[in-house]
$ cat final_37.cif   # mmCIF, C-alpha atoms
data_final
#
loop_
_atom_site.group_PDB
_atom_site.id
_atom_site.type_symbol
_atom_site.label_atom_id
_atom_site.label_comp_id
_atom_site.auth_asym_id
_atom_site.auth_seq_id
_atom_site.Cartn_x
_atom_site.Cartn_y
_atom_site.Cartn_z
ATOM 1 C CA MET A 1 -100.906 32.241 -96.739
ATOM 2 C CA ASP A 2 -102.967 29.088 -97.233
ATOM 3 C CA ASN A 3 -101.302 26.395 -99.274
ATOM 4 C CA TYR A 4 -104.249 23.974 -99.368
ATOM 5 C CA LYS A 5 -107.989 24.252 -99.942
ATOM 6 C CA ILE A 6 -110.539 22.386 -97.832
ATOM 7 C CA ALA A 7 -113.268 20.267 -99.407
ATOM 8 C CA GLU A 8 -115.877 18.577 -97.216
ATOM 9 C CA THR A 9 -117.282 15.325 -98.547
ATOM 10 C CA GLU A 10 -121.013 14.673 -98.536
ATOM 11 C CA THR A 11 -120.519 12.029 -95.832
ATOM 12 C CA PHE A 12 -118.841 14.569 -93.552
ATOM 13 C CA SER A 13 -121.385 17.313 -94.324
ATOM 14 C CA LYS A 14 -124.293 15.018 -93.455
ATOM 15 C CA LYS A 15 -122.623 13.826 -90.274
ATOM 16 C CA ILE A 16 -121.632 17.260 -88.947
ATOM 17 C CA ILE A 17 -125.281 18.360 -88.798
ATOM 18 C CA ILE A 18 -126.043 15.537 -86.352
ATOM 19 C CA LYS A 19 -126.505 17.088 -82.939
ATOM 20 C CA LYS A 20 -123.569 15.352 -81.235
ATOM 21 C CA TYR A 21 -121.136 16.887 -83.743
ATOM 22 C CA THR A 22 -122.541 20.390 -84.306
ATOM 23 C CA HIS A 23 -120.731 21.878 -81.303
ATOM 24 C CA LEU A 24 -117.426 20.852 -82.882
ATOM 25 C CA TYR A 25 -117.987 22.549 -86.225
ATOM 26 C CA ASN A 26 -116.960 26.032 -85.062
ATOM 27 C CA LYS A 27 -113.789 24.583 -83.560
ATOM 28 C CA ILE A 28 -113.103 22.738 -86.812
ATOM 29 C CA LEU A 29 -113.678 25.873 -88.910
ATOM 30 C CA ASN A 30 -111.693 28.236 -86.683
ATOM 31 C CA ASP A 31 -108.936 26.024 -85.266
ATOM 32 C CA VAL A 32 -108.484 22.872 -87.348
ATOM 33 C CA TYR A 33 -108.971 24.111 -90.924
ATOM 34 C CA PRO A 34 -106.335 26.870 -90.647
ATOM 35 C CA ILE A 35 -103.812 24.226 -89.534
ATOM 36 C CA LEU A 36 -104.761 21.863 -92.365
ATOM 37 C CA LYS A 37 -104.661 24.694 -94.930
ATOM 38 C CA ASN A 38 -101.134 25.518 -93.851
ATOM 39 C CA ASN A 39 -99.745 21.982 -93.468
ATOM 40 C CA PRO A 40 -102.043 18.911 -93.452
ATOM 41 C CA TYR A 41 -99.144 16.565 -92.712
ATOM 42 C CA PHE A 42 -97.630 17.798 -89.476
ATOM 43 C CA ASN A 43 -99.123 18.799 -86.129
ATOM 44 C CA ALA A 44 -99.187 17.214 -82.677
ATOM 45 C CA ASN A 45 -102.799 16.141 -83.369
ATOM 46 C CA ILE A 46 -102.164 14.667 -86.833
ATOM 47 C CA LYS A 47 -101.436 11.005 -87.388
ATOM 48 C CA LYS A 48 -101.153 9.082 -90.649
ATOM 49 C CA LEU A 49 -103.089 5.820 -90.601
ATOM 50 C CA LYS A 50 -101.445 2.515 -91.502
ATOM 51 C CA GLY A 51 -102.193 -0.533 -93.616
ATOM 52 C CA LYS A 52 -104.954 -0.289 -96.185
ATOM 53 C CA TYR A 53 -105.847 3.178 -94.813
ATOM 54 C CA ARG A 54 -102.328 4.624 -95.238
ATOM 55 C CA GLU A 55 -103.648 7.355 -97.568
ATOM 56 C CA ILE A 56 -105.824 8.742 -94.755
ATOM 57 C CA TYR A 57 -104.886 11.071 -91.909
ATOM 58 C CA ARG A 58 -106.675 11.748 -88.660
ATOM 59 C CA PHE A 59 -106.774 14.954 -86.657
ATOM 60 C CA ARG A 60 -107.526 14.495 -82.954
ATOM 61 C CA ILE A 61 -109.976 16.963 -81.433
ATOM 62 C CA GLY A 62 -110.346 15.820 -77.833
ATOM 63 C CA ASP A 63 -112.291 12.556 -77.917
ATOM 64 C CA TYR A 64 -113.136 13.020 -81.608
ATOM 65 C CA ARG A 65 -111.206 12.133 -84.742
ATOM 66 C CA LEU A 66 -111.484 14.031 -88.018
ATOM 67 C CA PHE A 67 -110.455 11.889 -90.993
ATOM 68 C CA TYR A 68 -109.124 13.386 -94.216
ATOM 69 C CA LYS A 69 -107.155 12.659 -97.366
ATOM 70 C CA VAL A 70 -104.748 15.012 -99.158
ATOM 71 C CA ASP A 71 -104.635 15.519 -102.922
ATOM 72 C CA GLU A 72 -101.128 16.898 -103.292
ATOM 73 C CA LEU A 73 -101.485 17.579 -107.025
ATOM 74 C CA GLU A 74 -104.528 19.827 -106.578
ATOM 75 C CA LYS A 75 -103.536 21.013 -103.075
ATOM 76 C CA ILE A 76 -106.895 19.961 -101.604
ATOM 77 C CA VAL A 77 -107.636 18.431 -98.196
ATOM 78 C CA PHE A 78 -110.742 16.250 -98.474
ATOM 79 C CA VAL A 79 -112.416 16.091 -95.067
ATOM 80 C CA MET A 80 -114.133 12.702 -95.127
ATOM 81 C CA ASN A 81 -115.566 11.823 -91.740
ATOM 82 C CA ILE A 82 -115.681 12.492 -88.003
ATOM 83 C CA GLU A 83 -116.005 9.873 -85.264
ATOM 84 C CA ASN A 84 -115.669 9.587 -81.517
#
$ encode --input "final_37.cif" --output "structure tokens"
Amino acid sequence: MDNYKIAETETFSKKIIIKKYTHLYNKILNDVYPILKNNPYFNANIKKLKGKYREIYRFRIGDYRLFYKVDELEKIVFVMNIEN
């Protein structure tokens, strides 16, 4: 059972349609989102950022990093950006 919902920000949605990221989207949908829906805080590929970005997490997908923030009150994972 999924505990969290996924919400993609406009920044992420615009970026994922760029050609260098489109091949990752199926992997994100099928592999990453189920993990984040279950537990967005713990996985071998999850790391909490530090300093002024301490509210943000990153999920490593090979050479790429998916950045997200968790709204614990609403149980929503806001997928914000992807970079390599």
$ residues_around --input "final_37.cif" --residues "stretch 5-11 of chain A" --least-positions-apart "2" --cutoff "12 Å" --atoms "all atoms listed in the file" --output "MDAnalysis selection string"
chainID A and resid 1:3 13:18 25 28:29 32:40 66:83
$ atom_distance --input "final_37.cif" --atom1 "atom CA of A:Asn84" --atom2 "atom CA of A:Lys52"
20.7 Å
$ residues_near_point --input "final_37.cif" --point "(-107.7, 15.3, -79.6)" --cutoff "12 Å" --atoms "only C-alpha atoms" --output "list in words"
Leu24, Lys27, Ile28, Val32, Asn43, Ala44, Asn45, Ile46, Lys47, Arg58, Phe59, Arg60, Ile61, Gly62, Asp63, Tyr64, Arg65, Leu66, Ile82, Glu83 and Asn84 of chain A
$ atom_distance --input "final_37.cif" --atom1 "atom CA of A:Lys20" --atom2 "atom CA of A:Lys50"
27.6 Å
$ closest_residue --input "final_37.cif" --among "A:Tyr41, A:Tyr57, A:Lys48, A:Tyr21" --to "A:Tyr4" --atoms "all atoms listed in the file"
A:Tyr41
$ decode --input "final_37.cif" --residues "stretch 19-62 of chain A" --atoms "N, CA and C atoms" --output "PDB file, in the first residue's frame"
ATOM      1  N   LYS A  19      15.430  15.929 -24.153  1.00  0.00           N
ATOM      2  CA  LYS A  19      15.856  14.639 -24.691  1.00  0.00           C
ATOM      3  C   LYS A  19      16.808  13.858 -23.791  1.00  0.00           C
ATOM      4  N   LYS A  20      17.737  14.534 -23.125  1.00  0.00           N
ATOM      5  CA  LYS A  20      18.725  13.786 -22.329  1.00  0.00           C
ATOM      6  C   LYS A  20      18.110  13.147 -21.081  1.00  0.00           C
ATOM      7  N   TYR A  21      16.897  13.530 -20.715  1.00  0.00           N
ATOM      8  CA  TYR A  21      16.253  12.957 -19.540  1.00  0.00           C
ATOM      9  C   TYR A  21      15.092  12.019 -19.858  1.00  0.00           C
ATOM     10  N   THR A  22      14.579  12.040 -21.072  1.00  0.00           N
ATOM     11  CA  THR A  22      13.376  11.260 -21.387  1.00  0.00           C
ATOM     12  C   THR A  22      13.566   9.759 -21.182  1.00  0.00           C
ATOM     13  N   HIS A  23      14.753   9.254 -21.459  1.00  0.00           N
ATOM     14  CA  HIS A  23      14.998   7.815 -21.276  1.00  0.00           C
ATOM     15  C   HIS A  23      14.897   7.391 -19.820  1.00  0.00           C
ATOM     16  N   LEU A  24      15.057   8.326 -18.908  1.00  0.00           N
ATOM     17  CA  LEU A  24      14.995   8.018 -17.478  1.00  0.00           C
ATOM     18  C   LEU A  24      13.568   7.973 -16.937  1.00  0.00           C
ATOM     19  N   TYR A  25      12.637   8.595 -17.642  1.00  0.00           N
ATOM     20  CA  TYR A  25      11.301   8.768 -17.078  1.00  0.00           C
ATOM     21  C   TYR A  25      10.600   7.442 -16.794  1.00  0.00           C
ATOM     22  N   ASN A  26      10.736   6.463 -17.687  1.00  0.00           N
ATOM     23  CA  ASN A  26      10.138   5.153 -17.415  1.00  0.00           C
ATOM     24  C   ASN A  26      10.742   4.510 -16.177  1.00  0.00           C
ATOM     25  N   LYS A  27      12.041   4.629 -16.023  1.00  0.00           N
ATOM     26  CA  LYS A  27      12.711   4.096 -14.831  1.00  0.00           C
ATOM     27  C   LYS A  27      12.199   4.813 -13.578  1.00  0.00           C
ATOM     28  N   ILE A  28      12.046   6.116 -13.673  1.00  0.00           N
ATOM     29  CA  ILE A  28      11.536   6.888 -12.534  1.00  0.00           C
ATOM     30  C   ILE A  28      10.123   6.434 -12.184  1.00  0.00           C
ATOM     31  N   LEU A  29       9.265   6.331 -13.194  1.00  0.00           N
ATOM     32  CA  LEU A  29       7.868   5.925 -12.960  1.00  0.00           C
ATOM     33  C   LEU A  29       7.762   4.512 -12.389  1.00  0.00           C
ATOM     34  N   ASN A  30       8.522   3.589 -12.954  1.00  0.00           N
ATOM     35  CA  ASN A  30       8.377   2.171 -12.594  1.00  0.00           C
ATOM     36  C   ASN A  30       9.235   1.710 -11.422  1.00  0.00           C
ATOM     37  N   ASP A  31      10.378   2.345 -11.219  1.00  0.00           N
ATOM     38  CA  ASP A  31      11.300   1.897 -10.171  1.00  0.00           C
ATOM     39  C   ASP A  31      11.409   2.862  -8.992  1.00  0.00           C
ATOM     40  N   VAL A  32      11.551   4.148  -9.291  1.00  0.00           N
ATOM     41  CA  VAL A  32      11.800   5.133  -8.234  1.00  0.00           C
ATOM     42  C   VAL A  32      10.519   5.517  -7.498  1.00  0.00           C
ATOM     43  N   TYR A  33       9.464   5.862  -8.230  1.00  0.00           N
ATOM     44  CA  TYR A  33       8.232   6.313  -7.571  1.00  0.00           C
ATOM     45  C   TYR A  33       7.646   5.282  -6.613  1.00  0.00           C
ATOM     46  N   PRO A  34       7.634   3.986  -6.952  1.00  0.00           N
ATOM     47  CA  PRO A  34       7.123   3.024  -5.962  1.00  0.00           C
ATOM     48  C   PRO A  34       7.918   3.032  -4.645  1.00  0.00           C
ATOM     49  N   ILE A  35       9.219   3.244  -4.734  1.00  0.00           N
ATOM     50  CA  ILE A  35      10.053   3.327  -3.531  1.00  0.00           C
ATOM     51  C   ILE A  35       9.686   4.564  -2.729  1.00  0.00           C
ATOM     52  N   LEU A  36       9.580   5.715  -3.425  1.00  0.00           N
ATOM     53  CA  LEU A  36       9.257   6.965  -2.737  1.00  0.00           C
ATOM     54  C   LEU A  36       7.849   6.934  -2.144  1.00  0.00           C
ATOM     55  N   LYS A  37       6.911   6.288  -2.833  1.00  0.00           N
ATOM     56  CA  LYS A  37       5.540   6.189  -2.309  1.00  0.00           C
ATOM     57  C   LYS A  37       5.498   5.362  -1.034  1.00  0.00           C
ATOM     58  N   ASN A  38       6.360   4.391  -0.937  1.00  0.00           N
ATOM     59  CA  ASN A  38       6.409   3.530   0.233  1.00  0.00           C
ATOM     60  C   ASN A  38       7.161   4.192   1.396  1.00  0.00           C
ATOM     61  N   ASN A  39       8.363   4.715   1.108  1.00  0.00           N
ATOM     62  CA  ASN A  39       9.168   5.353   2.141  1.00  0.00           C
ATOM     63  C   ASN A  39      10.161   6.315   1.480  1.00  0.00           C
ATOM     64  N   PRO A  40       9.866   7.617   1.461  1.00  0.00           N
ATOM     65  CA  PRO A  40      10.752   8.576   0.793  1.00  0.00           C
ATOM     66  C   PRO A  40      11.998   8.946   1.594  1.00  0.00           C
ATOM     67  N   TYR A  41      12.154   8.340   2.773  1.00  0.00           N
ATOM     68  CA  TYR A  41      13.272   8.698   3.636  1.00  0.00           C
ATOM     69  C   TYR A  41      14.415   7.699   3.637  1.00  0.00           C
ATOM     70  N   PHE A  42      14.138   6.450   3.294  1.00  0.00           N
ATOM     71  CA  PHE A  42      15.183   5.442   3.451  1.00  0.00           C
ATOM     72  C   PHE A  42      15.283   4.511   2.248  1.00  0.00           C
ATOM     73  N   ASN A  43      16.467   4.469   1.669  1.00  0.00           N
ATOM     74  CA  ASN A  43      16.834   3.563   0.592  1.00  0.00           C
ATOM     75  C   ASN A  43      18.327   3.775   0.370  1.00  0.00           C
ATOM     76  N   ALA A  44      18.998   2.800  -0.176  1.00  0.00           N
ATOM     77  CA  ALA A  44      20.437   2.935  -0.434  1.00  0.00           C
ATOM     78  C   ALA A  44      20.744   4.118  -1.345  1.00  0.00           C
ATOM     79  N   ASN A  45      19.787   4.511  -2.193  1.00  0.00           N
ATOM     80  CA  ASN A  45      20.005   5.609  -3.143  1.00  0.00           C
ATOM     81  C   ASN A  45      19.518   6.963  -2.639  1.00  0.00           C
ATOM     82  N   ILE A  46      18.968   7.014  -1.440  1.00  0.00           N
ATOM     83  CA  ILE A  46      18.426   8.260  -0.896  1.00  0.00           C
ATOM     84  C   ILE A  46      19.435   8.890   0.056  1.00  0.00           C
ATOM     85  N   LYS A  47      19.581  10.204  -0.090  1.00  0.00           N
ATOM     86  CA  LYS A  47      20.448  10.950   0.815  1.00  0.00           C
ATOM     87  C   LYS A  47      19.777  12.287   1.115  1.00  0.00           C
ATOM     88  N   LYS A  48      19.781  12.670   2.381  1.00  0.00           N
ATOM     89  CA  LYS A  48      19.249  13.973   2.774  1.00  0.00           C
ATOM     90  C   LYS A  48      20.356  14.998   2.598  1.00  0.00           C
ATOM     91  N   LEU A  49      20.032  16.128   1.975  1.00  0.00           N
ATOM     92  CA  LEU A  49      21.038  17.167   1.780  1.00  0.00           C
ATOM     93  C   LEU A  49      21.274  17.906   3.088  1.00  0.00           C
ATOM     94  N   LYS A  50      22.338  18.694   3.135  1.00  0.00           N
ATOM     95  CA  LYS A  50      22.722  19.391   4.360  1.00  0.00           C
ATOM     96  C   LYS A  50      22.688  20.901   4.170  1.00  0.00           C
ATOM     97  N   GLY A  51      22.875  21.619   5.259  1.00  0.00           N
ATOM     98  CA  GLY A  51      22.936  23.072   5.214  1.00  0.00           C
ATOM     99  C   GLY A  51      21.597  23.691   4.867  1.00  0.00           C
ATOM    100  N   LYS A  52      21.634  24.711   4.018  1.00  0.00           N
ATOM    101  CA  LYS A  52      20.388  25.409   3.687  1.00  0.00           C
ATOM    102  C   LYS A  52      19.441  24.548   2.848  1.00  0.00           C
ATOM    103  N   TYR A  53      19.920  23.406   2.349  1.00  0.00           N
ATOM    104  CA  TYR A  53      19.080  22.501   1.558  1.00  0.00           C
ATOM    105  C   TYR A  53      18.642  21.277   2.369  1.00  0.00           C
ATOM    106  N   ARG A  54      18.684  21.344   3.677  1.00  0.00           N
ATOM    107  CA  ARG A  54      18.417  20.181   4.530  1.00  0.00           C
ATOM    108  C   ARG A  54      16.993  19.645   4.425  1.00  0.00           C
ATOM    109  N   GLU A  55      16.087  20.410   3.828  1.00  0.00           N
ATOM    110  CA  GLU A  55      14.708  19.952   3.622  1.00  0.00           C
ATOM    111  C   GLU A  55      14.584  19.076   2.363  1.00  0.00           C
ATOM    112  N   ILE A  56      15.650  19.020   1.574  1.00  0.00           N
ATOM    113  CA  ILE A  56      15.599  18.355   0.271  1.00  0.00           C
ATOM    114  C   ILE A  56      16.353  17.025   0.328  1.00  0.00           C
ATOM    115  N   TYR A  57      15.808  16.059  -0.397  1.00  0.00           N
ATOM    116  CA  TYR A  57      16.426  14.739  -0.531  1.00  0.00           C
ATOM    117  C   TYR A  57      16.842  14.539  -1.980  1.00  0.00           C
ATOM    118  N   ARG A  58      17.796  13.640  -2.171  1.00  0.00           N
ATOM    119  CA  ARG A  58      18.159  13.274  -3.542  1.00  0.00           C
ATOM    120  C   ARG A  58      18.113  11.759  -3.664  1.00  0.00           C
ATOM    121  N   PHE A  59      17.665  11.318  -4.831  1.00  0.00           N
ATOM    122  CA  PHE A  59      17.623   9.892  -5.145  1.00  0.00           C
ATOM    123  C   PHE A  59      18.582   9.678  -6.304  1.00  0.00           C
ATOM    124  N   ARG A  60      19.586   8.844  -6.104  1.00  0.00           N
ATOM    125  CA  ARG A  60      20.590   8.589  -7.143  1.00  0.00           C
ATOM    126  C   ARG A  60      20.081   7.548  -8.121  1.00  0.00           C
ATOM    127  N   ILE A  61      20.124   7.905  -9.399  1.00  0.00           N
ATOM    128  CA  ILE A  61      19.774   6.993 -10.489  1.00  0.00           C
ATOM    129  C   ILE A  61      20.983   6.982 -11.418  1.00  0.00           C
ATOM    130  N   GLY A  62      21.924   6.106 -11.157  1.00  0.00           N
ATOM    131  CA  GLY A  62      23.159   6.090 -11.948  1.00  0.00           C
ATOM    132  C   GLY A  62      23.905   7.397 -11.796  1.00  0.00           C
TER     133      GLY A  62
END
